[in-house]
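A.B. asks: Input structure: protein-v9.cif, which contains mmCIF, C-alpha atoms.
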data_query
#
loop_
_atom_site.group_PDB
_atom_site.id
_atom_site.type_symbol
_atom_site.label_atom_id
_atom_site.label_comp_id
_atom_site.auth_asym_id
_atom_site.auth_seq_id
_atom_site.Cartn_x
_atom_site.Cartn_y
_atom_site.Cartn_z
ATOM 1 C CA MET A 1 135.754 287.526 38.734
ATOM 2 C CA ARG A 2 132.364 288.385 37.260
ATOM 3 C CA LEU A 3 131.207 289.905 40.580
ATOM 4 C CA ARG A 4 134.323 292.066 40.643
ATOM 5 C CA TRP A 5 133.517 293.509 37.201
ATOM 6 C CA VAL A 6 129.906 294.153 38.204
ATOM 7 C CA TRP A 7 131.122 295.983 41.325
ATOM 8 C CA LEU A 8 133.545 298.085 39.250
ATOM 9 C CA LEU A 9 130.728 298.991 36.843
ATOM 10 C CA VAL A 10 128.479 300.122 39.702
ATOM 11 C CA VAL A 11 131.270 302.200 41.257
ATOM 12 C CA THR A 12 132.038 303.823 37.903
ATOM 13 C CA MET A 13 128.396 304.686 37.239
ATOM 14 C CA PHE A 14 127.688 306.247 40.622
ATOM 15 C CA ALA A 15 131.047 307.697 41.630
ATOM 16 C CA PRO A 16 131.064 311.494 41.894
ATOM 17 C CA PRO A 17 132.503 313.266 38.841
ATOM 18 C CA ALA A 18 136.194 314.053 38.917
ATOM 19 C CA ARG A 19 137.097 317.636 39.735
ATOM 20 C CA GLY A 20 139.914 319.916 38.670
ATOM 21 C CA ALA A 21 142.493 321.536 40.919
ATOM 22 C CA ASP A 22 140.202 324.504 41.725
ATOM 23 C CA GLY A 23 137.158 322.360 42.495
ATOM 24 C CA GLY A 24 135.768 322.944 39.018
ATOM 25 C CA ALA A 25 135.308 320.564 36.125
ATOM 26 C CA ASP A 26 137.910 317.966 35.308
ATOM 27 C CA PRO A 27 139.763 319.178 32.151
ATOM 28 C CA GLU A 28 138.829 315.857 30.546
ATOM 29 C CA VAL A 29 135.248 317.170 30.263
ATOM 30 C CA ASN A 30 136.421 319.870 27.844
ATOM 31 C CA LYS A 31 138.779 317.855 25.664
ATOM 32 C CA THR A 32 136.197 317.454 22.930
ATOM 33 C CA PHE A 33 135.764 321.206 22.640
ATOM 34 C CA THR A 34 139.476 322.003 22.504
ATOM 35 C CA ASP A 35 139.961 319.658 19.569
ATOM 36 C CA PRO A 36 140.578 321.767 16.434
ATOM 37 C CA ALA A 37 139.003 318.975 14.386
ATOM 38 C CA LEU A 38 135.642 319.390 16.162
ATOM 39 C CA LYS A 39 132.828 318.899 13.641
ATOM 40 C CA VAL A 40 130.278 321.679 14.112
ATOM 41 C CA ASP A 41 127.553 319.974 12.058
ATOM 42 C CA GLU A 42 127.539 317.019 14.442
ATOM 43 C CA TRP A 43 126.975 319.341 17.402
ATOM 44 C CA VAL A 44 124.260 321.281 15.609
ATOM 45 C CA SER A 45 122.371 317.991 15.230
ATOM 46 C CA LYS A 46 122.830 317.322 18.975
ATOM 47 C CA PHE A 47 122.174 320.805 20.333
ATOM 48 C CA GLU A 48 119.493 322.135 18.008
ATOM 49 C CA ILE A 49 116.867 319.433 18.255
ATOM 50 C CA GLU A 50 113.413 319.411 19.846
ATOM 51 C CA SER A 51 114.254 316.497 22.149
ATOM 52 C CA ARG A 52 116.774 318.756 23.918
ATOM 53 C CA GLU A 53 114.859 320.589 26.622
ATOM 54 C CA VAL A 54 116.652 323.927 26.364
ATOM 55 C CA TYR A 55 116.117 323.953 22.603
ATOM 56 C CA LYS A 56 112.422 323.195 22.940
ATOM 57 C CA PHE A 57 112.015 326.069 25.413
ATOM 58 C CA ARG A 58 114.573 328.378 23.769
ATOM 59 C CA GLN A 59 112.181 331.284 23.268
ATOM 60 C CA ARG A 60 111.034 331.176 26.865
ATOM 61 C CA LEU A 61 114.624 331.074 28.074
ATOM 62 C CA VAL A 62 115.445 334.133 25.994
ATOM 63 C CA ALA A 63 112.400 335.890 27.455
ATOM 64 C CA THR A 64 113.689 335.080 30.953
ATOM 65 C CA ALA A 65 116.698 337.328 30.289
ATOM 66 C CA ARG A 66 114.400 340.329 29.700
ATOM 67 C CA VAL A 67 116.609 341.700 26.957
ATOM 68 C CA LYS A 68 115.725 344.989 25.274
ATOM 69 C CA LYS A 69 116.771 346.689 22.062
ATOM 70 C CA GLY A 70 120.217 348.205 22.259
ATOM 71 C CA MET A 71 121.411 346.032 25.144
ATOM 72 C CA ALA A 72 124.706 344.153 25.225
ATOM 73 C CA VAL A 73 124.505 340.426 25.966
ATOM 74 C CA ALA A 74 127.224 337.821 26.568
ATOM 75 C CA ASP A 75 126.339 334.269 25.558
ATOM 76 C CA VAL A 76 128.999 332.381 27.521
ATOM 77 C CA GLY A 77 129.496 328.888 26.157
ATOM 78 C CA ALA A 78 127.800 329.911 22.930
ATOM 79 C CA GLY A 79 128.414 326.578 21.210
ATOM 80 C CA THR A 80 126.692 326.446 17.837
ATOM 81 C CA GLY A 81 125.220 329.927 18.338
ATOM 82 C CA LEU A 82 121.680 328.802 19.103
ATOM 83 C CA PHE A 83 121.074 331.496 21.729
ATOM 84 C CA THR A 84 123.549 333.969 20.258
ATOM 85 C CA PHE A 85 121.335 334.498 17.216
ATOM 86 C CA LEU A 86 118.132 334.595 19.242
ATOM 87 C CA PHE A 87 119.626 337.348 21.402
ATOM 88 C CA ALA A 88 120.896 339.134 18.290
ATOM 89 C CA ALA A 89 117.284 339.460 17.135
ATOM 90 C CA GLU A 90 116.277 340.846 20.534
ATOM 91 C CA VAL A 91 118.994 343.511 20.842
ATOM 92 C CA GLY A 92 118.845 344.575 17.191
ATOM 93 C CA LYS A 93 121.697 346.090 15.212
ATOM 94 C CA GLN A 94 122.011 348.881 17.761
ATOM 95 C CA GLY A 95 122.836 346.261 20.395
ATOM 96 C CA LEU A 96 125.640 343.749 20.815
ATOM 97 C CA VAL A 97 125.963 340.018 21.464
ATOM 98 C CA TYR A 98 129.295 338.570 22.508
ATOM 99 C CA ALA A 99 129.480 334.875 21.589
ATOM 100 C CA VAL A 100 132.033 333.452 24.024
ATOM 101 C CA ASP A 101 133.418 329.942 23.652
ATOM 102 C CA ILE A 102 136.644 327.972 24.029
ATOM 103 C CA ALA A 103 136.046 326.030 20.782
ATOM 104 C CA LYS A 104 137.508 327.776 17.755
ATOM 105 C CA PRO A 105 135.369 325.795 15.261
ATOM 106 C CA PHE A 106 132.210 326.990 17.041
ATOM 107 C CA LEU A 107 133.412 330.598 16.882
ATOM 108 C CA ALA A 108 134.264 330.298 13.190
ATOM 109 C CA HIS A 109 130.794 328.878 12.552
ATOM 110 C CA ILE A 110 129.101 331.704 14.452
ATOM 111 C CA ALA A 111 131.146 334.330 12.607
ATOM 112 C CA SER A 112 130.245 332.783 9.249
ATOM 113 C CA VAL A 113 126.521 332.578 10.024
ATOM 114 C CA ALA A 114 126.486 336.132 11.412
ATOM 115 C CA LYS A 115 128.106 337.427 8.230
ATOM 116 C CA SER A 116 125.704 335.525 5.983
ATOM 117 C CA ARG A 117 122.693 336.849 7.915
ATOM 118 C CA GLY A 118 123.967 340.405 8.077
ATOM 119 C CA LEU A 119 124.290 340.542 11.866
ATOM 120 C CA PRO A 120 127.149 342.929 12.717
ATOM 121 C CA GLN A 121 125.982 342.960 16.351
ATOM 122 C CA VAL A 122 127.385 339.441 16.860
ATOM 123 C CA LYS A 123 130.979 339.465 18.108
ATOM 124 C CA PRO A 124 132.711 336.078 18.687
ATOM 125 C CA ILE A 125 135.239 335.957 21.543
ATOM 126 C CA GLU A 126 137.614 333.086 22.298
ATOM 127 C CA GLY A 127 137.216 332.682 26.038
ATOM 128 C CA GLY A 128 139.796 331.247 28.391
ATOM 129 C CA PHE A 129 139.464 328.644 31.110
ATOM 130 C CA ASP A 130 139.761 331.260 33.852
ATOM 131 C CA SER A 131 138.114 334.238 32.140
ATOM 132 C CA PRO A 132 135.537 334.891 29.402
ATOM 133 C CA ARG A 133 137.807 337.739 28.233
ATOM 134 C CA LEU A 134 134.963 340.229 28.196
ATOM 135 C CA PRO A 135 135.719 343.936 28.659
ATOM 136 C CA GLU A 136 134.860 345.337 32.081
ATOM 137 C CA HIS A 137 131.369 346.830 32.439
ATOM 138 C CA SER A 138 130.567 345.787 28.868
ATOM 139 C CA VAL A 139 127.301 343.837 29.133
ATOM 140 C CA ASP A 140 123.781 344.179 30.523
ATOM 141 C CA ARG A 141 123.072 340.451 30.526
ATOM 142 C CA ILE A 142 125.152 337.306 30.787
ATOM 143 C CA PHE A 143 123.581 334.031 29.645
ATOM 144 C CA ILE A 144 125.108 330.652 30.531
ATOM 145 C CA CYS A 145 123.211 327.598 29.327
ATOM 146 C CA ASP A 146 124.323 324.034 30.134
ATOM 147 C CA THR A 147 127.890 325.300 30.327
ATOM 148 C CA TYR A 148 128.614 326.207 33.943
ATOM 149 C CA HIS A 149 129.361 322.596 34.831
ATOM 150 C CA HIS A 150 132.201 322.810 32.275
ATOM 151 C CA PHE A 151 133.952 325.660 34.118
ATOM 152 C CA GLU A 152 137.351 324.423 35.275
ATOM 153 C CA HIS A 153 137.948 327.516 37.422
ATOM 154 C CA PRO A 154 134.464 328.632 38.526
ATOM 155 C CA SER A 155 135.646 331.160 41.127
ATOM 156 C CA LEU A 156 137.917 332.995 38.687
ATOM 157 C CA MET A 157 135.280 332.880 35.947
ATOM 158 C CA LEU A 158 132.568 334.284 38.202
ATOM 159 C CA THR A 159 134.829 337.099 39.371
ATOM 160 C CA ALA A 160 135.561 338.020 35.751
ATOM 161 C CA LEU A 161 131.877 337.788 34.813
ATOM 162 C CA SER A 162 130.943 340.067 37.691
ATOM 163 C CA ARG A 163 133.409 342.657 36.410
ATOM 164 C CA ALA A 164 131.924 342.428 32.926
ATOM 165 C CA LEU A 165 128.407 343.312 34.128
ATOM 166 C CA ARG A 166 127.188 346.877 33.956
ATOM 167 C CA PRO A 167 125.285 348.418 36.885
ATOM 168 C CA GLY A 168 121.827 346.862 37.005
ATOM 169 C CA GLY A 169 122.986 343.886 34.944
ATOM 170 C CA GLU A 170 121.887 340.286 35.500
ATOM 171 C CA LEU A 171 123.282 336.819 34.885
ATOM 172 C CA VAL A 172 120.950 334.049 33.727
ATOM 173 C CA LEU A 173 122.119 330.531 34.545
ATOM 174 C CA VAL A 174 120.606 327.371 33.078
ATOM 175 C CA ASP A 175 122.134 324.052 34.049
ATOM 176 C CA PHE A 176 121.299 320.414 34.696
ATOM 177 C CA LYS A 177 119.557 319.378 37.888
ATOM 178 C CA ARG A 178 121.766 316.942 39.790
ATOM 179 C CA ASP A 179 119.866 314.727 42.190
ATOM 180 C CA GLU A 180 121.473 311.560 43.538
ATOM 181 C CA ALA A 181 118.046 309.885 43.736
ATOM 182 C CA LYS A 182 116.606 310.993 40.388
ATOM 183 C CA SER A 183 119.291 312.033 37.902
ATOM 184 C CA SER A 184 120.611 309.756 35.186
ATOM 185 C CA ALA A 185 123.979 308.063 35.513
ATOM 186 C CA TRP A 186 125.271 310.394 32.774
ATOM 187 C CA THR A 187 124.257 313.496 34.732
ATOM 188 C CA LEU A 188 125.721 312.219 37.990
ATOM 189 C CA LYS A 189 129.010 311.492 36.240
ATOM 190 C CA HIS A 190 129.140 314.560 33.980
ATOM 191 C CA VAL A 191 127.720 317.353 36.163
ATOM 192 C CA ARG A 192 129.940 318.068 39.157
ATOM 193 C CA ALA A 193 127.526 320.090 41.333
ATOM 194 C CA GLY A 194 123.841 320.471 42.040
ATOM 195 C CA GLU A 195 121.823 323.668 42.283
ATOM 196 C CA ALA A 196 122.444 324.255 46.006
ATOM 197 C CA GLU A 197 126.214 324.026 45.634
ATOM 198 C CA VAL A 198 126.155 326.261 42.568
ATOM 199 C CA ILE A 199 124.220 328.937 44.464
ATOM 200 C CA LYS A 200 126.898 328.811 47.189
ATOM 201 C CA GLU A 201 129.635 329.279 44.592
ATOM 202 C CA PHE A 202 127.842 332.293 43.150
ATOM 203 C CA ALA A 203 127.334 333.722 46.646
ATOM 204 C CA GLN A 204 131.050 333.432 47.349
ATOM 205 C CA ALA A 205 131.666 335.430 44.159
ATOM 206 C CA GLY A 206 129.299 338.192 45.298
ATOM 207 C CA PHE A 207 126.078 337.185 43.493
ATOM 208 C CA VAL A 208 122.576 336.773 44.908
ATOM 209 C CA VAL A 209 119.555 335.036 43.370
ATOM 210 C CA SER A 210 117.058 337.637 42.176
ATOM 211 C CA ARG A 211 114.650 335.347 40.326
ATOM 212 C CA ARG A 212 113.987 331.664 39.790
ATOM 213 C CA GLU A 213 112.039 330.050 36.926
ATOM 214 C CA ASN A 214 110.496 326.580 37.194
ATOM 215 C CA PHE A 215 109.293 325.722 33.694
ATOM 216 C CA LEU A 216 111.993 323.140 32.898
ATOM 217 C CA THR A 217 112.219 319.519 34.031
ATOM 218 C CA ASP A 218 115.847 318.547 33.448
ATOM 219 C CA ASN A 219 117.342 321.965 34.094
ATOM 220 C CA TYR A 220 117.004 324.715 36.671
ATOM 221 C CA VAL A 221 116.922 328.414 35.759
ATOM 222 C CA LEU A 222 118.352 331.029 38.117
ATOM 223 C CA VAL A 223 118.789 334.750 37.579
ATOM 224 C CA PHE A 224 121.584 336.363 39.599
ATOM 225 C CA LYS A 225 122.598 339.927 40.240
ATOM 226 C CA PRO A 226 125.700 341.258 42.010
ATOM 227 C CA ARG A 227 125.216 341.744 45.733
ATOM 228 C CA ALA A 228 124.782 345.400 46.675
ATOM 229 C CA ASN A 229 127.825 346.758 48.519
#
Any chance you could give the structure as structure tokens?
C.D. replies:
Amino acid sequence: MRLRWVWLLVVTMFAPPARGADGGADPEVNKTFTDPALKVDEWVSKFEIESREVYKFRQRLVATARVKKGMAVADVGAGTGLFTFLFAAEVGKQGLVYAVDIAKPFLAHIASVAKSRGLPQVKPIEGGFDSPRLPEHSVDRIFICDTYHHFEHPSLMLTALSRALRPGGELVLVDFKRDEAKSSAWTLKHVRAGEAEVIKEFAQAGFVVSRRENFLTDNYVLVFKPRAN
């Protein structure tokens, strides 16, 4: 009996993550963020801490997007607003930052902080599971950090994101490296696809890799642009 439980534990730890109907994330992955009782302060303490790689290198990640004053940026999967407010400083009050998320408590938090800091350029948007609900041709940059693996309908989302980009726009993707030989059990269970598969999904949606950054250890950084017709 003991051997059976050990075998079940091993299978559970190393089994591929469950996928949704469209090959995207299992809806179970997002249950926490659809809970109206989500406690924002708890996530601030998890997301905005130096031990989190993307927080430690936040300024360099923002620089990767090459944002200028007056630009419009979409922070898709904005969470606690960590990158939303960094981009707000870059675009200035003549620019615009859409903070897109499925979690209403996160959006309420971002709206409150933006108001208290006098940042009218920050616009929270409640995104859907198949669309970020951004206006067409509305943004110069799209930033997705540690969120793509949560997309339940990646193909539909990427199509909508492509439509939201203005001519010459770029999409910056940051997500966890998934390596069967090196990644933690949590990553292998939580993150459904590795970098190579993600690039294929973007290619199917009409994107090509224009730049790649290699300054992170746990995450990869890819910059995409729509394929020229």
A.B. asks: List as a list in words: which residues have an atom within 12 Å of (134.6, 344.4, 29.5), counting all atoms listed in the file?
C.D. replies: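 Final list of nearby residues, as requested, is Ala72, Val73, Ala74, Tyr98, Ile125, Ser131, Pro132, Arg133, Leu134, Pro135, Glu136, His137, Ser138, Val139, Asp140, Ile142, Ala160, Leu161, Ser162, Arg163, Ala164, Leu165 and Arg166 of chain A.
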A.B. asks: Which one is closest to Lys93 (chain A): A:Val76, A:Lys69, A:Asn30, A:Gly206? Count all atoms listed in the file.
C.D. replies: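 Of the candidates, the smallest distance to Lys93 (chain A) is held by A:Lys69.
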A.B. asks: Pull out every residue that the PyMOL selection byres ((chain A and resi 207-221) around 7) matches in the shown coordinates and put them as a list of chain:residue names.
C.D. replies: A:Leu173, A:Val174, A:Asp175, A:Phe176, A:Lys177, A:Phe202, A:Ala203, A:Ala205, A:Gly206, A:Leu222, A:Val223, A:Phe224, A:Lys225, A:Pro226, A:Arg227
A.B. asks: What are the closest atom pairs, with distances in Å to one decimal, for each residue of region 79-126 of chain A lying within 7 Å of region 33-51 of chain A, using all atoms listed in the file, rows by chain and rising residue number, as CSV?
C.D. replies:
residue,atom,partner,partner_atom,distance
A:Thr80,CA,A:Val44,CA,6.1
A:Ile102,CA,A:Thr34,CA,6.8
A:Ala103,CA,A:Phe33,CA,5.2
A:Lys104,CA,A:Pro36,CA,6.9
A:Pro105,CA,A:Leu38,CA,6.5
A:Phe106,CA,A:Val40,CA,6.4
A.B. asks: Do you know which residues are at most 7 Å from Asp101 (chain A) counting all atoms listed in the file, after dropping those on the same chain fewer than 4 positions away, and could you put them as number ranges by chain?
C.D. replies: A: 76-79, 107, 125-127
A.B. asks: From the options A:His150, A:Lys200, A:Glu180, A:Met157, which residue's atoms come nearest to Pro27 (chain A), counting all atoms listed in the file?
C.D. replies: A:His150
